[in-house]
file target-v4.txt (compact mmCIF, C-alpha atoms and all ligand atoms)
# COMPACT_ATOMS: atom_id res chain seq x y z
CA MET A 1 -23.68 44.35 -39.72
CA ASP A 2 -22.73 47.92 -39.22
CA ARG A 3 -24.58 50.05 -36.67
CA ARG A 4 -26.32 52.24 -39.22
CA LEU A 5 -27.77 49.28 -41.10
CA PHE A 6 -28.86 47.65 -37.84
CA ILE A 7 -30.71 50.80 -36.83
CA GLN A 8 -32.40 50.91 -40.24
CA CYS A 9 -33.56 47.32 -39.72
CA ILE A 10 -35.21 47.85 -36.32
CA PRO A 11 -38.58 48.96 -37.75
CA LEU A 12 -38.49 45.97 -40.07
CA LEU A 13 -37.93 43.62 -37.16
CA ALA A 14 -40.88 45.12 -35.35
CA VAL A 15 -43.36 44.74 -38.18
CA SER A 16 -42.17 41.69 -40.04
CA SER A 17 -45.14 39.56 -38.99
CA GLY A 18 -47.04 40.23 -42.19
CA LEU A 19 -45.31 37.48 -44.11
CA ALA A 20 -46.81 34.61 -46.07
CA ALA A 21 -46.63 30.82 -46.41
CA GLN A 22 -46.33 29.19 -43.01
CA ASN A 23 -43.87 26.30 -42.71
CA ARG A 24 -44.29 23.14 -40.64
CA ASP A 25 -42.04 24.49 -37.89
CA GLY A 26 -44.24 27.57 -37.47
CA SER A 27 -41.91 29.93 -39.31
CA GLU A 28 -43.17 31.73 -42.36
CA ARG A 29 -41.49 31.99 -45.72
CA VAL A 30 -40.49 35.56 -46.43
CA ASP A 31 -42.45 36.96 -49.35
CA PRO A 32 -40.02 38.90 -51.60
CA THR A 33 -42.86 41.27 -52.51
CA SER A 34 -43.67 42.20 -48.90
CA PRO A 35 -42.77 45.77 -47.93
CA ASN A 36 -40.00 44.66 -45.56
CA ALA A 37 -38.42 42.37 -48.12
CA VAL A 38 -38.62 45.02 -50.81
CA ALA A 39 -37.02 47.58 -48.48
CA LEU A 40 -34.01 45.29 -48.05
CA GLY A 41 -33.94 44.08 -51.65
CA TYR A 42 -34.58 40.46 -50.62
CA THR A 43 -34.64 37.98 -53.49
CA ARG A 44 -34.85 34.18 -53.39
CA ASP A 45 -32.00 33.94 -55.90
CA HIS A 46 -28.87 35.99 -55.30
CA ARG A 47 -28.33 36.17 -59.08
CA ASP A 48 -31.56 38.14 -59.46
CA VAL A 49 -30.61 41.08 -57.27
CA ALA A 50 -32.23 44.31 -58.39
CA SER A 51 -29.89 46.69 -60.18
CA ARG A 52 -29.81 49.17 -57.30
CA TRP A 53 -28.26 46.53 -55.01
CA ARG A 54 -26.14 44.67 -57.58
CA LYS A 55 -22.80 46.36 -56.88
CA LYS A 56 -22.89 45.43 -53.21
CA ALA A 57 -24.31 41.96 -53.77
CA GLN A 58 -21.68 40.95 -56.26
CA ASP A 59 -18.64 42.61 -54.75
CA SER A 60 -17.32 39.34 -53.41
CA GLU A 61 -17.66 37.12 -56.48
CA GLY A 62 -21.08 35.72 -55.77
CA LEU A 63 -20.28 34.70 -52.22
CA GLN A 64 -23.05 36.87 -50.83
CA ARG A 65 -25.92 34.44 -50.36
CA CYS A 66 -28.17 33.79 -47.42
CA ASP A 67 -26.30 30.58 -46.58
CA THR A 68 -23.07 32.55 -46.15
CA CYS A 69 -24.71 35.28 -44.06
CA ALA A 70 -24.26 35.67 -40.31
CA GLN A 71 -28.04 36.12 -39.94
CA PHE A 72 -28.85 32.70 -41.44
CA SER A 73 -29.24 29.44 -39.51
CA GLY A 74 -30.80 26.02 -39.54
CA GLU A 75 -30.64 25.22 -43.24
CA GLN A 76 -32.96 22.46 -44.32
CA SER A 77 -34.02 21.65 -47.87
CA GLY A 78 -32.51 24.82 -49.29
CA GLU A 79 -34.09 27.17 -46.75
CA GLY A 80 -33.18 28.50 -43.34
CA ARG A 81 -34.17 31.03 -40.74
CA CYS A 82 -33.11 34.67 -40.91
CA ARG A 83 -32.82 36.82 -37.79
CA ILE A 84 -33.39 40.00 -39.77
CA PHE A 85 -36.82 38.70 -40.80
CA SER A 86 -37.81 37.65 -37.27
CA GLY A 87 -36.57 34.08 -37.71
CA ASN A 88 -38.77 33.46 -40.72
CA THR A 89 -37.58 31.37 -43.62
CA VAL A 90 -35.48 32.56 -46.53
CA SER A 91 -33.95 30.73 -49.46
CA ALA A 92 -30.37 29.51 -48.88
CA SER A 93 -29.48 30.98 -52.25
CA GLY A 94 -31.22 34.28 -51.55
CA TRP A 95 -29.81 37.68 -50.73
CA CYS A 96 -30.75 40.99 -49.12
CA ASN A 97 -28.98 44.23 -48.32
CA ALA A 98 -28.48 43.19 -44.69
CA TRP A 99 -26.08 40.42 -45.74
CA THR A 100 -23.25 40.16 -43.23
CA ARG A 101 -20.16 38.00 -43.50
CA ARG A 102 -20.03 35.12 -41.00
S1 LIG B 201 -29.99 39.03 -43.66
FE1 LIG B 201 -28.74 37.46 -44.59
S2 LIG B 201 -29.89 35.55 -44.35
FE2 LIG B 201 -31.31 37.25 -44.01
S3 LIG B 201 -32.27 37.59 -46.03
FE3 LIG B 201 -30.52 38.98 -45.84
S4 LIG B 201 -28.81 37.88 -46.79
FE4 LIG B 201 -30.41 36.39 -46.36
call {"tool": "encode", "arguments": {"input": "target-v4.txt", "output": "structure tokens"}}
result
Amino acid sequence: MDRRLFIQCIPLLAVSSGLAAQNRDGSERVDPTSPNAVALGYTRDHRDVASRWRKKAQDSEGLQRCDTCAQFSGEQSGEGRCRIFSGNTVSASGWCNAWTRR
């Protein structure tokens, strides 16, 4: 992640507790309609990226997915934790503008 994007994400990291759907492990599933998710263009399916983000999301032939992102870990049943969203759960096939190559 470049420095500018990281700095843009700091406020999101600080306030990302307002997320929905708690999982068994205590993490919460990121709600794509929450303000933080909307700000980063998060979607549960990388093929449904909003038009404003599409050029970036698809610039590497569909390889930009949460499960190929450096921020993603602990995949289980198609979901895993994302450091950008305070360790809460995102879809393995999701995407957001903070995607970073592993
Ligand atoms: S930072 Fe990476 S793992 Fe987290 S939502 Fe964005 S693309 Fe997915």
call {"tool": "residues_near_ligand", "arguments": {"input": "target-v4.txt", "ligand": "ligand LIG 201 (chain B)", "cutoff": "10 Å", "atoms": "all atoms listed in the file", "output": "ChimeraX atom specification"}}
result
/A:1,9,30,32,37,40-46,57,64-73,79-102
call {"tool": "atom_distance", "arguments": {"input": "target-v4.txt", "atom1": "atom CA of Leu63 of chain A", "atom2": "atom CA of Asp2 of chain A"}}
result
18.7 Å
call {"tool": "atom_distance", "arguments": {"input": "target-v4.txt", "atom1": "atom CA of Ala39 of chain A", "atom2": "atom CA of Lys56 of chain A"}}
result
15.1 Å
call {"tool": "atom_distance", "arguments": {"input": "target-v4.txt", "atom1": "atom CA of Gly74 of chain A", "atom2": "atom CA of Trp53 of chain A"}}
result
25.8 Å
call {"tool": "closest_residue", "arguments": {"input": "target-v4.txt", "among": "A:Pro35, A:Asn23, A:Arg47, A:Arg3", "to": "Gln76 of chain A", "atoms": "only C-alpha atoms"}}
result
A:Asn23
call {"tool": "axis_aligned_box", "arguments": {"input": "target-v4.txt", "around": "segment 24-28 of chain A", "padding_each_side": "3 Å", "output": "JSON"}}
result
{"center_x": -43.1, "center_y": 27.4, "center_z": -39.9, "size_x": 8.4, "size_y": 14.6, "size_z": 10.9}
